[in-house]
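Asker: The structure under discussion is supplied below as C-alpha cells; questions concerning it will follow.
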Amino acid sequence: MIKEHLQSIIGVELYAIVGFLIFFVFFILVTIHTIRMDKSRVKRLSEIPLDDDVQPNLH
C-alpha cells in the first residue's frame, strides 16, 4: 500500500538522495571537528565525569 503511494509521487527518489547527502555531510563535518579538537580540551572533557571537585555551574 505504501509502496504504491510512494511510486505515484514524481521525483520521490530525490528525497532519499538528499536525506543521505545531508546525513553524510553532517557526519563528515562532525568527524573533522572531532579530529581537529585541541587535545588538552579533549583530556579535560574526558575527566569531567570522574572529577568530584568541580563546582556545578548555576546559571
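Within each chain, counting starts at residue 1; across the C-alpha cells, chains are named A, B, ... in the order shown, with ligands numbered 1 upward in that order.
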Can you list, as a PyMOL selection string, all residues belonging to chain A that DSSP tags as alpha helix (DSSP H)?
Answerer: chain A and resi 2-8+12-36+39-47
Asker: At a cut-off of 12 Å, using only C-alpha atoms, what residues contact A:Ala16? Leave out same-chain residues fewer than 6 positions from it and give the result as a list in words.
Answerer: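 What passes the distance filter is Leu6, Ile22 and Phe23 of chain A.
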